[in-house]
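Have a look at target-v1.cif; it's mmCIF, C-alpha atoms and all ligand atoms:
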data_model
#
loop_
_atom_site.label_atom_id
_atom_site.label_comp_id
_atom_site.auth_asym_id
_atom_site.auth_seq_id
_atom_site.Cartn_x
_atom_site.Cartn_y
_atom_site.Cartn_z
CA MET N 745 -20.28 22.27 -36.35
CA SER N 746 -16.94 22.39 -38.08
CA ALA N 747 -15.20 19.38 -39.50
CA THR N 748 -12.49 17.91 -37.32
CA PRO N 749 -9.20 19.36 -38.57
CA SER N 750 -6.67 16.71 -39.54
CA TRP N 751 -4.03 18.50 -37.45
CA PRO N 752 -6.00 19.45 -34.34
CA ASP N 753 -4.74 22.73 -32.95
CA THR N 754 -3.39 22.73 -29.45
CA GLU N 755 -4.40 26.16 -28.31
CA TRP N 756 -6.07 24.47 -25.30
CA LEU N 757 -2.62 23.39 -24.15
CA ASP N 758 -1.19 26.90 -23.94
CA ARG N 759 -4.40 28.36 -22.51
CA GLY N 760 -4.75 25.74 -19.79
CA TRP N 761 -1.06 25.49 -18.94
CA PRO N 762 -1.06 28.35 -16.37
CA HIS N 763 -3.82 26.54 -14.46
CA VAL N 764 -2.78 22.90 -14.40
CA TRP N 765 -0.60 21.35 -11.70
CA LEU N 766 1.11 18.18 -12.89
CA PRO N 767 1.81 14.96 -10.93
CA TYR N 768 5.27 14.37 -9.43
CA THR N 769 6.60 17.52 -11.11
CA GLN N 770 8.71 20.46 -10.02
CA MET N 771 6.61 22.98 -11.90
CA GLN N 772 9.36 25.58 -12.01
CA GLY N 773 10.84 25.17 -15.46
CA ALA N 774 8.60 22.17 -16.21
CA ASP N 775 8.10 21.25 -19.86
CA LEU N 776 4.64 21.22 -21.36
CA PRO N 777 3.25 17.66 -21.46
CA LEU N 778 2.74 16.01 -24.84
CA PRO N 779 -0.75 16.71 -26.15
CA ALA N 780 -2.56 13.36 -26.43
CA VAL N 781 -5.67 13.34 -28.61
CA ALA N 782 -6.63 9.69 -28.98
CA THR N 783 -5.68 6.17 -27.98
CA GLN N 784 -6.19 2.85 -29.72
CA GLY N 785 -4.81 -0.59 -28.89
CA THR N 786 -1.25 0.03 -27.75
CA ARG N 787 -0.96 3.43 -29.46
CA ILE N 788 -1.25 6.98 -28.17
CA SER N 789 -1.88 9.62 -30.86
CA LEU N 790 -0.43 13.07 -30.35
CA ALA N 791 -1.88 16.33 -31.66
CA ASP N 792 0.81 16.69 -34.33
CA GLY N 793 -0.12 13.33 -35.83
CA ARG N 794 2.66 11.30 -34.26
CA GLN N 795 1.83 7.96 -32.65
CA LEU N 796 3.68 6.51 -29.70
CA ILE N 797 3.71 2.82 -28.81
CA ASP N 798 2.74 2.67 -25.16
CA GLY N 799 5.10 0.49 -23.14
CA ILE N 800 3.53 1.15 -19.75
CA ALA N 801 -0.23 0.93 -20.42
CA SER N 802 -1.00 4.25 -18.74
CA TRP N 803 0.41 3.51 -15.32
CA TRP N 804 -0.30 -0.24 -15.66
CA THR N 805 -4.05 0.08 -16.19
CA ALA N 806 -4.87 -0.63 -19.86
CA CYS N 807 -4.34 -4.40 -19.73
CA HIS N 808 -6.46 -5.13 -22.84
CA GLY N 809 -5.06 -2.16 -24.76
CA TYR N 810 -6.91 1.11 -25.18
CA ASN N 811 -10.51 1.40 -26.38
CA HIS N 812 -11.23 -2.31 -26.32
CA PRO N 813 -14.56 -2.48 -28.18
CA HIS N 814 -16.16 -4.74 -25.57
CA ILE N 815 -15.34 -2.32 -22.74
CA VAL N 816 -16.31 0.73 -24.79
CA ALA N 817 -19.67 -0.89 -25.63
CA ALA N 818 -20.32 -1.76 -21.97
CA ILE N 819 -19.65 1.83 -20.91
CA HIS N 820 -21.93 3.19 -23.65
CA HIS N 821 -24.68 0.78 -22.68
CA GLN N 822 -24.45 1.80 -19.02
CA LEU N 823 -24.11 5.51 -19.83
CA ASP N 824 -27.48 5.49 -21.60
CA ARG N 825 -29.11 4.18 -18.42
CA MET N 826 -27.32 5.64 -15.43
CA ALA N 827 -23.89 7.28 -15.27
CA HIS N 828 -23.91 7.47 -11.53
CA VAL N 829 -26.07 6.95 -8.49
CA MET N 830 -25.06 7.00 -4.84
CA PHE N 831 -24.25 3.65 -3.24
CA GLY N 832 -25.74 4.55 0.14
CA GLY N 833 -29.21 3.00 0.30
CA LEU N 834 -29.25 2.29 -3.46
CA GLY N 835 -27.84 -0.72 -5.20
CA HIS N 836 -27.26 -1.36 -8.89
CA GLN N 837 -26.58 -4.41 -10.99
CA PRO N 838 -23.11 -3.46 -12.30
CA ALA N 839 -21.73 -3.28 -8.74
CA PHE N 840 -23.59 -6.32 -7.42
CA ASP N 841 -22.55 -8.43 -10.42
CA LEU N 842 -18.97 -7.23 -10.09
CA ALA N 843 -18.77 -8.01 -6.36
CA ARG N 844 -20.13 -11.52 -6.96
CA ARG N 845 -17.74 -12.15 -9.85
CA LEU N 846 -14.68 -10.85 -7.97
CA ALA N 847 -15.52 -13.04 -4.98
CA ALA N 848 -15.73 -16.05 -7.30
CA MET N 849 -12.35 -15.42 -8.93
CA LEU N 850 -10.33 -14.30 -5.88
CA PRO N 851 -8.58 -16.93 -3.79
CA GLY N 852 -10.26 -18.58 -0.79
CA ASP N 853 -13.09 -16.81 0.99
CA LEU N 854 -12.30 -13.24 -0.03
CA ASN N 855 -16.04 -12.75 -0.30
CA ARG N 856 -16.82 -9.14 0.69
CA VAL N 857 -16.03 -6.33 -1.68
CA PHE N 858 -15.85 -2.73 -0.48
CA PHE N 859 -15.62 -0.44 -3.50
CA ALA N 860 -13.54 2.73 -3.64
CA ASP N 861 -12.74 5.28 -6.30
CA SER N 862 -8.95 4.98 -6.35
CA GLY N 863 -6.19 2.65 -5.27
CA SER N 864 -4.92 4.88 -2.48
CA VAL N 865 -8.40 5.03 -1.00
CA ALA N 866 -8.67 1.23 -1.18
CA VAL N 867 -5.43 1.08 0.84
CA GLU N 868 -6.84 3.57 3.37
CA ILE N 869 -9.92 1.37 3.70
CA ALA N 870 -7.84 -1.79 4.11
CA ILE N 871 -5.85 -0.13 6.91
CA LYS N 872 -9.03 1.07 8.58
CA MET N 873 -10.57 -2.42 8.26
CA ALA N 874 -7.52 -4.01 9.87
CA LEU N 875 -7.35 -1.55 12.77
CA GLN N 876 -11.08 -1.67 13.41
CA TYR N 877 -11.10 -5.46 13.13
CA TRP N 878 -8.89 -5.51 16.23
CA ILE N 879 -10.93 -2.80 17.97
CA ASN N 880 -14.03 -4.90 17.40
CA MET N 881 -12.16 -7.98 18.63
CA GLY N 882 -11.30 -6.21 21.91
CA GLN N 883 -7.60 -5.66 21.08
CA PRO N 884 -7.48 -1.93 20.30
CA GLU N 885 -3.77 -1.75 21.17
CA ARG N 886 -3.00 -3.37 17.82
CA ARG N 887 -2.62 -0.15 15.87
CA ARG N 888 0.46 -0.59 13.74
CA ILE N 889 0.92 -1.99 10.30
CA LEU N 890 4.09 -3.92 9.51
CA CYS N 891 5.17 -2.80 6.06
CA PHE N 892 8.21 -3.33 3.86
CA ASN N 893 11.05 -1.12 2.77
CA GLY N 894 10.74 -0.41 -0.94
CA GLY N 895 6.94 -0.68 -0.86
CA TYR N 896 4.50 1.74 -2.47
CA HIS N 897 0.83 1.98 -1.53
CA GLY N 898 -0.35 5.37 -2.78
CA ASP N 899 -0.10 9.09 -2.19
CA THR N 900 -2.85 9.89 0.34
CA THR N 901 -1.45 10.43 3.82
CA GLY N 902 -2.44 7.05 5.28
CA ALA N 903 -1.06 5.30 2.21
CA MET N 904 2.14 7.38 2.42
CA SER N 905 2.59 6.22 6.00
CA VAL N 906 2.80 2.58 4.84
CA THR N 907 4.95 3.38 1.78
CA ASP N 908 8.75 3.11 1.93
CA PRO N 909 9.89 5.76 4.47
CA LYS N 910 12.07 7.59 1.94
CA GLU N 911 9.69 7.28 -0.99
CA GLY N 912 6.77 8.21 1.28
CA MET N 913 8.62 11.34 2.46
CA HIS N 914 8.24 10.38 6.11
CA ALA N 915 11.01 12.78 7.18
CA LEU N 916 9.38 15.72 5.39
CA PHE N 917 6.03 15.04 7.03
CA SER N 918 7.34 13.74 10.34
CA GLY N 919 4.84 14.10 13.16
CA LEU N 920 1.91 14.16 10.75
CA LEU N 921 1.97 10.59 9.50
CA PRO N 922 1.02 7.69 11.74
CA GLU N 923 4.11 5.63 12.55
CA HIS N 924 4.15 2.06 11.38
CA TYR N 925 6.85 -0.62 11.41
CA PHE N 926 9.13 -1.28 8.46
CA ALA N 927 11.14 -4.41 7.67
CA ASP N 928 13.16 -5.63 4.71
CA ILE N 929 11.50 -8.36 2.71
CA PRO N 930 13.36 -11.39 4.06
CA ALA N 931 15.42 -13.10 1.37
CA ASP N 932 16.90 -16.13 3.20
CA ASP N 933 16.76 -18.10 6.45
CA ALA N 934 18.75 -15.46 8.35
CA GLY N 935 16.37 -12.79 7.08
CA PHE N 936 13.37 -14.83 8.17
CA ALA N 937 14.87 -15.44 11.62
CA GLU N 938 15.24 -11.68 12.04
CA PHE N 939 11.73 -11.08 10.71
CA GLU N 940 10.23 -13.62 13.12
CA ASP N 941 12.17 -12.10 16.04
CA PHE N 942 10.70 -8.74 15.17
CA LEU N 943 7.19 -10.22 15.09
CA ASP N 944 7.82 -11.94 18.45
CA GLN N 945 8.80 -8.64 20.05
CA LYS N 946 6.13 -6.43 18.53
CA GLN N 947 3.22 -8.73 17.85
CA GLY N 948 1.08 -7.19 20.59
CA ASP N 949 0.91 -3.84 18.77
CA ILE N 950 0.75 -5.07 15.20
CA ALA N 951 -2.62 -5.23 13.46
CA ALA N 952 -1.51 -6.48 10.07
CA VAL N 953 1.32 -7.18 7.69
CA LEU N 954 0.94 -5.30 4.40
CA ILE N 955 2.77 -6.29 1.23
CA GLU N 956 2.73 -5.89 -2.54
CA PRO N 957 2.89 -9.59 -3.40
CA LEU N 958 5.72 -10.71 -5.74
CA VAL N 959 6.54 -7.25 -7.10
CA GLN N 960 7.15 -3.95 -5.38
CA GLY N 961 6.08 -1.73 -8.27
CA ALA N 962 6.51 2.01 -7.91
CA GLY N 963 9.23 1.43 -5.30
CA GLY N 964 11.54 0.05 -7.99
CA MET N 965 10.01 -3.04 -9.65
CA ARG N 966 11.71 -5.32 -7.16
CA PHE N 967 10.74 -8.99 -7.24
CA HIS N 968 10.52 -11.67 -4.57
CA GLY N 969 9.49 -15.26 -5.25
CA PRO N 970 6.24 -17.02 -4.37
CA GLU N 971 8.10 -19.08 -1.77
CA ILE N 972 9.19 -15.90 0.08
CA LEU N 973 5.64 -14.57 -0.13
CA GLY N 974 4.29 -17.84 1.27
CA ARG N 975 6.77 -17.77 4.16
CA ILE N 976 5.93 -14.14 5.04
CA HIS N 977 2.25 -15.05 5.00
CA GLY N 978 2.99 -18.08 7.19
CA ALA N 979 4.93 -15.96 9.70
CA ALA N 980 2.11 -13.41 9.90
CA LYS N 981 -0.48 -16.13 10.47
CA LYS N 982 1.70 -17.89 13.06
CA HIS N 983 1.72 -14.63 15.02
CA GLY N 984 -2.03 -14.19 14.68
CA LEU N 985 -1.76 -11.09 12.46
CA LEU N 986 -3.95 -10.04 9.58
CA PHE N 987 -2.29 -10.26 6.18
CA ILE N 988 -3.10 -7.56 3.63
CA THR N 989 -1.96 -7.79 0.02
CA ASP N 990 -1.94 -4.72 -2.19
CA GLU N 991 -2.55 -6.21 -5.66
CA ILE N 992 -3.33 -2.84 -7.20
CA PHE N 993 -0.36 -3.31 -9.53
CA THR N 994 0.03 -7.10 -9.57
CA GLY N 995 -3.64 -8.08 -9.98
CA PHE N 996 -5.32 -9.11 -13.24
CA GLY N 997 -2.60 -11.09 -14.93
CA ARG N 998 0.32 -8.69 -14.69
CA THR N 999 2.70 -11.17 -13.02
CA GLY N 1000 1.67 -14.13 -15.18
CA ALA N 1001 -0.95 -15.37 -12.68
CA MET N 1002 -4.42 -13.87 -12.33
CA PHE N 1003 -3.43 -12.61 -8.88
CA ALA N 1004 0.08 -12.72 -7.44
CA CYS N 1005 -1.31 -14.49 -4.35
CA ASP N 1006 -2.37 -17.38 -6.58
CA SER N 1007 1.30 -18.08 -7.37
CA ALA N 1008 1.97 -18.70 -3.68
CA GLY N 1009 -1.35 -20.45 -3.06
CA ILE N 1010 -2.25 -18.06 -0.25
CA THR N 1011 -5.41 -16.21 0.73
CA PRO N 1012 -4.81 -12.86 2.41
CA ASP N 1013 -7.33 -11.51 4.93
CA ILE N 1014 -7.76 -8.33 2.90
CA MET N 1015 -6.80 -7.69 -0.72
CA CYS N 1016 -6.63 -4.29 -2.46
CA LEU N 1017 -7.47 -4.05 -6.15
CA GLY N 1018 -7.32 -1.11 -8.53
CA LYS N 1019 -5.48 -0.01 -11.68
CA ALA N 1020 -6.40 -2.73 -14.26
CA LEU N 1021 -9.74 -3.52 -12.54
CA THR N 1022 -11.66 -1.61 -15.23
CA GLY N 1023 -9.24 -2.52 -17.99
CA GLY N 1024 -7.89 1.00 -17.59
CA ALA N 1025 -11.01 2.80 -18.77
CA LEU N 1026 -12.21 4.42 -15.54
CA SER N 1027 -11.10 4.79 -11.95
CA LEU N 1028 -12.27 2.03 -9.64
CA ALA N 1029 -10.70 0.16 -6.75
CA ALA N 1030 -11.71 -2.18 -3.98
CA ALA N 1031 -10.70 -3.59 -0.62
CA VAL N 1032 -11.90 -7.18 -0.43
CA ALA N 1033 -12.20 -8.97 2.91
CA THR N 1034 -12.52 -12.59 3.96
CA ASP N 1035 -15.59 -13.84 5.80
CA ALA N 1036 -13.68 -13.79 9.11
CA VAL N 1037 -12.71 -10.11 8.73
CA TYR N 1038 -16.22 -9.18 7.66
CA ASP N 1039 -17.82 -11.12 10.51
CA ALA N 1040 -15.85 -9.06 13.06
CA PHE N 1041 -17.90 -6.02 11.98
CA LEU N 1042 -21.26 -7.69 12.60
CA SER N 1043 -22.75 -6.52 15.88
CA ASP N 1044 -25.76 -4.91 17.56
CA ARG N 1045 -23.73 -1.72 17.87
CA THR N 1046 -23.41 0.81 15.07
CA ARG N 1047 -19.92 1.73 16.21
CA ASN N 1048 -18.70 -1.72 15.15
CA ALA N 1049 -19.70 -1.02 11.55
CA LEU N 1050 -17.18 0.06 8.91
CA MET N 1051 -17.62 3.81 8.72
CA HIS N 1052 -16.52 4.60 5.21
CA GLY N 1053 -18.25 5.61 2.00
CA PRO N 1054 -16.54 7.49 -0.82
CA THR N 1055 -19.07 9.63 -2.72
CA PHE N 1056 -18.37 7.97 -6.05
CA MET N 1057 -17.83 4.45 -4.73
CA ALA N 1058 -19.04 1.69 -7.06
CA ASN N 1059 -19.66 4.16 -9.88
CA PRO N 1060 -21.91 2.27 -12.33
CA LEU N 1061 -19.91 3.23 -15.43
CA ALA N 1062 -16.69 2.02 -13.81
CA CYS N 1063 -18.34 -1.19 -12.60
CA ALA N 1064 -19.74 -1.83 -16.10
CA ALA N 1065 -16.22 -1.38 -17.51
CA ALA N 1066 -14.83 -3.76 -14.87
CA ASN N 1067 -17.46 -6.41 -15.66
CA ALA N 1068 -16.56 -6.12 -19.35
CA SER N 1069 -12.88 -6.45 -18.45
CA LEU N 1070 -13.65 -9.64 -16.49
CA ASP N 1071 -15.54 -10.98 -19.54
CA LEU N 1072 -12.32 -10.54 -21.51
CA PHE N 1073 -10.26 -12.31 -18.86
CA GLU N 1074 -12.79 -15.16 -18.97
CA GLY N 1075 -13.12 -15.37 -22.74
CA GLU N 1076 -9.57 -14.66 -23.88
CA ASN N 1077 -6.27 -15.97 -22.69
CA ARG N 1078 -4.79 -12.92 -20.96
CA VAL N 1079 -2.87 -14.78 -18.28
CA ALA N 1080 -1.21 -17.03 -20.87
CA GLU N 1081 -0.43 -13.91 -22.91
CA ALA N 1082 1.39 -12.46 -19.89
CA GLY N 1083 3.43 -15.66 -19.66
CA ALA N 1084 4.39 -15.42 -23.33
CA ILE N 1085 5.38 -11.77 -22.85
CA GLU N 1086 7.65 -12.80 -19.97
CA ALA N 1087 9.56 -15.21 -22.20
CA ARG N 1088 9.98 -12.57 -24.90
CA LEU N 1089 11.05 -9.87 -22.44
CA ALA N 1090 13.62 -12.15 -20.82
CA GLU N 1091 15.08 -12.96 -24.23
CA THR N 1092 14.99 -9.55 -25.86
CA LEU N 1093 16.19 -7.51 -22.88
CA ALA N 1094 19.03 -9.93 -22.07
CA PRO N 1095 21.59 -8.11 -24.30
CA CYS N 1096 21.36 -5.12 -21.92
CA ARG N 1097 23.12 -7.26 -19.33
CA GLU N 1098 26.39 -6.82 -21.22
CA LEU N 1099 26.29 -3.04 -20.90
CA THR N 1100 28.50 -1.42 -18.27
CA SER N 1101 25.78 0.90 -17.00
CA VAL N 1102 23.34 -1.97 -16.30
CA ALA N 1103 23.04 -3.49 -12.83
CA ASP N 1104 20.28 -6.04 -13.48
CA VAL N 1105 17.80 -7.26 -16.07
CA ARG N 1106 14.67 -9.13 -14.98
CA ALA N 1107 11.23 -10.12 -16.19
CA LEU N 1108 8.09 -11.49 -14.55
CA GLY N 1109 4.84 -11.85 -16.46
CA ALA N 1110 4.31 -8.67 -18.47
CA ILE N 1111 6.89 -6.72 -16.46
CA GLY N 1112 10.36 -6.18 -17.90
CA VAL N 1113 13.02 -4.28 -16.01
CA VAL N 1114 16.45 -2.95 -16.90
CA GLU N 1115 17.97 -1.59 -13.73
CA LEU N 1116 20.87 0.79 -14.26
CA GLU N 1117 23.67 1.61 -11.87
CA LYS N 1118 22.44 5.18 -11.90
CA ILE N 1119 20.23 7.38 -14.04
CA SER N 1120 21.44 10.93 -13.53
CA ASP N 1121 19.26 12.41 -16.27
CA LEU N 1122 15.76 10.92 -16.46
CA ALA N 1123 14.65 13.68 -18.84
CA TRP N 1124 17.28 12.57 -21.37
CA PHE N 1125 15.91 9.02 -21.31
CA ARG N 1126 12.32 10.11 -21.63
CA ARG N 1127 13.18 12.39 -24.56
CA ARG N 1128 15.17 9.72 -26.38
CA PHE N 1129 12.29 7.26 -26.09
CA ILE N 1130 9.78 9.76 -27.47
CA GLU N 1131 12.14 10.47 -30.38
CA ARG N 1132 12.07 6.74 -31.10
CA GLY N 1133 8.27 6.69 -31.06
CA VAL N 1134 7.77 4.84 -27.78
CA TRP N 1135 6.14 5.92 -24.54
CA LEU N 1136 8.26 4.84 -21.58
CA ARG N 1137 8.74 6.58 -18.26
CA PRO N 1138 11.88 5.44 -16.48
CA PHE N 1139 12.03 6.35 -12.79
CA GLY N 1140 14.69 6.02 -10.12
CA ASN N 1141 17.36 3.84 -11.67
CA ILE N 1142 15.05 1.71 -13.75
CA VAL N 1143 13.82 1.52 -17.30
CA TYR N 1144 10.80 -0.75 -17.38
CA LEU N 1145 8.04 -2.14 -19.55
CA THR N 1146 4.49 -3.00 -18.42
CA PRO N 1147 2.67 -3.12 -21.76
CA ALA N 1148 -0.92 -4.13 -22.44
CA LEU N 1149 -1.19 -7.92 -22.15
CA THR N 1150 -2.57 -7.88 -25.70
CA ILE N 1151 0.47 -6.19 -27.24
CA GLY N 1152 1.54 -7.66 -30.58
CA ASP N 1153 4.99 -9.08 -31.25
CA SER N 1154 6.09 -6.25 -33.50
CA ASP N 1155 5.11 -3.47 -31.09
CA LEU N 1156 6.78 -5.35 -28.26
CA ALA N 1157 9.92 -5.74 -30.37
CA THR N 1158 9.94 -2.01 -31.11
CA LEU N 1159 9.78 -1.32 -27.36
CA THR N 1160 12.54 -3.73 -26.40
CA ASP N 1161 14.74 -2.62 -29.34
CA SER N 1162 14.32 0.97 -28.18
CA ILE N 1163 15.36 0.06 -24.67
CA ASN N 1164 18.41 -1.81 -25.93
CA MET N 1165 19.46 1.11 -28.15
CA VAL N 1166 18.82 3.90 -25.68
CA VAL N 1167 20.48 2.12 -22.76
CA ALA N 1168 23.47 1.31 -25.01
CA GLU N 1169 23.69 4.95 -26.06
CA TRP N 1170 23.57 6.01 -22.40
CA SER N 1171 26.35 3.55 -21.55
CA GLU N 1172 28.60 5.28 -24.07
CA LEU N 1173 27.90 8.85 -22.94
C1 LIG W 1201 -0.84 2.74 -8.01
C2 LIG W 1201 -0.80 2.02 -6.73
C3 LIG W 1201 -1.54 2.48 -5.62
C4 LIG W 1201 -2.33 3.76 -5.63
O1 LIG W 1201 -3.38 3.73 -6.53
P1 LIG W 1201 -4.04 5.11 -7.01
O2 LIG W 1201 -5.20 4.69 -7.85
O3 LIG W 1201 -2.97 5.85 -7.76
O4 LIG W 1201 -4.44 5.85 -5.79
C5 LIG W 1201 -1.49 1.72 -4.47
N1 LIG W 1201 -0.77 0.58 -4.40
C6 LIG W 1201 -0.06 0.11 -5.45
C7 LIG W 1201 0.68 -1.17 -5.32
C8 LIG W 1201 -0.04 0.82 -6.65
O5 LIG W 1201 0.68 0.37 -7.68
#

Now that the file is in, can you turn its structure into structure tokens?
Amino acid sequence: MSATPSWPDTEWLDRGWPHVWLPYTQMQGADLPLPAVATQGTRISLADGRQLIDGIASWWTACHGYNHPHIVAAIHHQLDRMAHVMFGGLGHQPAFDLARRLAAMLPGDLNRVFFADSGSVAVEIAIKMALQYWINMGQPERRRILCFNGGYHGDTTGAMSVTDPKEGMHALFSGLLPEHYFADIPADDAGFAEFEDFLDQKQGDIAAVLIEPLVQGAGGMRFHGPEILGRIHGAAKKHGLLFITDEIFTGFGRTGAMFACDSAGITPDIMCLGKALTGGALSLAAAVATDAVYDAFLSDRTRNALMHGPTFMANPLACAAANASLDLFEGENRVAEAGAIEARLAETLAPCRELTSVADVRALGAIGVVELEKISDLAWFRRRFIERGVWLRPFGNIVYLTPALTIGDSDLATLTDSINMVVAEWSEL
């Protein structure tokens, strides 16, 4: 064995490059990605020795920072016993403990946890649960989901079909995706009147209303208040519809509450979880159902059962990481930390409001957003941030922060200073 070189060579990057297909990338003319070699806390180390401060916690997953010793230890402990075993016919303590603990912390009687291996798959399962709920209840004509413009629910085809029509490329794949209904998130009484009219007309074919509660994430970090969320929930219930919340982004403290639904005091019929569920260490997701939804699948007939079972569902390593993450939520004050981050983001990003190129500045929990009138050169922004030693990935017209909830004041200040400087520079171009 050779000693680890202090400047690890990156030959692997050039050798693998002809064989790797990157996410959301036009590969023609694409730049090589930055070679990451290690992570710690809120830092990403690159092969050339540089460190970047991570402002987005690896797509909103690493809520306790990277390599939290408690999560690392839990994974090691589980790895020595059993990295994986199938969940069909075999049970294991990490998954059973996790299901029990999630049921205890989720609102109301969200008591049944169906595990999946990624967020998109959890959304697919939630859709299937909702449709089959109505089949089992003798109303198979309820086959549509009512979703919202600006929403994002994942990249698999079923999840695309409930994502914003433009973002979900519905035109490109027309005829292939199931057609669901789309509405704007109502903002005022007139909006709610229109929304209720729509539900009156279509309620016979609608199975469920699906929403990202409080924040539409990948669709543009758009916020709506808990009161709006409560009213949408109320309208869905009044019309006898199932209500599904996709908390894959908002869950686990991100919005300043443990779950966004808690802010509105509502219990959805089905809730999707993912992203920060394992503290960002491994891929795990879940669709969690209330007793009433679950009970609709109980029957003498096999065909009433939920026919789903991802090969790696409830992976023991991932469940062990998730249990360790829940320990940290229980033992440390993550949700309060998110609240403190909100106050700092609101204050430190406020100067951007004065810039001509800026349309809006907003913060909720550990989410800070500077929305520009237009970003015509995303690559320029991304480059400028890397030059300043921060890892931020603006998209659409927004520059945003979703740091680890544990981020320290000085790293957070470096991130917000960088945003202020780079957006100011852009405004003068
Ligand atoms: C990221 C995300 C998904 C998809 O999760 P994957 O693990 O990427 O499949 C679904 N819904 C929301 C709200 C998300 O933010």

Original post:
When distances are computed from only C-alpha atoms and all ligand atoms, which of N:Leu1028, N:Ala806, N:Leu958, N:Ile950 shows the smallest separation from ligand LIG 1201 (chain W)?
Top reply: N:Leu1028

**OP:** Name each residue within 10 Å of ligand LIG 1201 (chain W), counting only C-alpha atoms and all ligand atoms, as a ChimeraX atom specification.
**Re:** /N:803-805,860-868,895-900,903-904,907,955-957,959-963,989-995,1016-1020,1027-1029

Residue subset to file, keeping C-alpha atoms, as a tab-separated table (two decimals), in the frame of the given file:
chain	number	residue	atom	x	y	z
N	803	TRP	CA	0.41	3.51	-15.32
N	804	TRP	CA	-0.30	-0.24	-15.66
N	805	THR	CA	-4.05	0.08	-16.19
N	860	ALA	CA	-13.54	2.73	-3.64
N	861	ASP	CA	-12.74	5.28	-6.30
N	862	SER	CA	-8.95	4.98	-6.35
N	863	GLY	CA	-6.19	2.65	-5.27
N	864	SER	CA	-4.92	4.88	-2.48
N	865	VAL	CA	-8.40	5.03	-1.00
N	866	ALA	CA	-8.67	1.23	-1.18
N	867	VAL	CA	-5.43	1.08	0.84
N	868	GLU	CA	-6.84	3.57	3.37
N	895	GLY	CA	6.94	-0.68	-0.86
N	896	TYR	CA	4.50	1.74	-2.47
N	897	HIS	CA	0.83	1.98	-1.53
N	898	GLY	CA	-0.35	5.37	-2.78
N	899	ASP	CA	-0.10	9.09	-2.19
N	900	THR	CA	-2.85	9.89	0.34
N	903	ALA	CA	-1.06	5.30	2.21
N	904	MET	CA	2.14	7.38	2.42
N	907	THR	CA	4.95	3.38	1.78
N	955	ILE	CA	2.77	-6.29	1.23
N	956	GLU	CA	2.73	-5.89	-2.54
N	957	PRO	CA	2.89	-9.59	-3.40
N	959	VAL	CA	6.54	-7.25	-7.10
N	960	GLN	CA	7.15	-3.95	-5.38
N	961	GLY	CA	6.08	-1.73	-8.27
N	962	ALA	CA	6.51	2.01	-7.91
N	963	GLY	CA	9.23	1.43	-5.30
N	989	THR	CA	-1.96	-7.79	0.02
N	990	ASP	CA	-1.94	-4.72	-2.19
N	991	GLU	CA	-2.55	-6.21	-5.66
N	992	ILE	CA	-3.33	-2.84	-7.20
N	993	PHE	CA	-0.36	-3.31	-9.53
N	994	THR	CA	0.03	-7.10	-9.57
N	995	GLY	CA	-3.64	-8.08	-9.98
N	1016	CYS	CA	-6.63	-4.29	-2.46
N	1017	LEU	CA	-7.47	-4.05	-6.15
N	1018	GLY	CA	-7.32	-1.11	-8.53
N	1019	LYS	CA	-5.48	-0.01	-11.68
N	1020	ALA	CA	-6.40	-2.73	-14.26
N	1027	SER	CA	-11.10	4.79	-11.95
N	1028	LEU	CA	-12.27	2.03	-9.64
N	1029	ALA	CA	-10.70	0.16	-6.75

Original post:
Using all atoms listed in the file, which of the listed residues (N:Cys1096, N:Ala952, N:Ile976, N:Ala1068) sits closest to N:Pro930?
Top reply: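 Nearest to N:Pro930: N:Ile976.
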
Excluding N:Gly1009 and residues on its chain fewer than 2 positions from it, collect all residues at most 12 Å away from it, counting all atoms listed in the file, and give them as a short mmCIF file (atom, residue, chain, number, x, y, z; two decimals) with C-alpha atoms, keeping the file's coordinate frame.
data_model
loop_
_atom_site.label_atom_id
_atom_site.label_comp_id
_atom_site.auth_asym_id
_atom_site.auth_seq_id
_atom_site.Cartn_x
_atom_site.Cartn_y
_atom_site.Cartn_z
CA LEU N 850 -10.33 -14.30 -5.88
CA PRO N 851 -8.58 -16.93 -3.79
CA GLY N 852 -10.26 -18.58 -0.79
CA PRO N 957 2.89 -9.59 -3.40
CA PRO N 970 6.24 -17.02 -4.37
CA GLU N 971 8.10 -19.08 -1.77
CA ILE N 972 9.19 -15.90 0.08
CA LEU N 973 5.64 -14.57 -0.13
CA GLY N 974 4.29 -17.84 1.27
CA ARG N 975 6.77 -17.77 4.16
CA HIS N 977 2.25 -15.05 5.00
CA GLY N 978 2.99 -18.08 7.19
CA ALA N 1001 -0.95 -15.37 -12.68
CA MET N 1002 -4.42 -13.87 -12.33
CA PHE N 1003 -3.43 -12.61 -8.88
CA ALA N 1004 0.08 -12.72 -7.44
CA CYS N 1005 -1.31 -14.49 -4.35
CA ASP N 1006 -2.37 -17.38 -6.58
CA SER N 1007 1.30 -18.08 -7.37
CA THR N 1011 -5.41 -16.21 0.73
CA PRO N 1012 -4.81 -12.86 2.41
#

Original post:
By how many Å are atom CA of N:Asp775 and atom CA of N:Phe1139 apart?
Top reply: 17.0 Å

**OP:** Compare N:Ser905, N:Gly1152, N:Gly809, N:Trp765 by their minimum atom-to-atom distance to N:Thr786, counting only C-alpha atoms, and give me the closest one.
**Re:**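 Once distances to N:Thr786 are computed over only C-alpha atoms, the minimum belongs to N:Gly809.
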
Original post:
Nearest to N:Ser1069 among N:Phe1056, N:Tyr768, N:Phe996, N:Trp761, with distances taken over only C-alpha atoms: which residue is it?
Top reply: N:Phe996
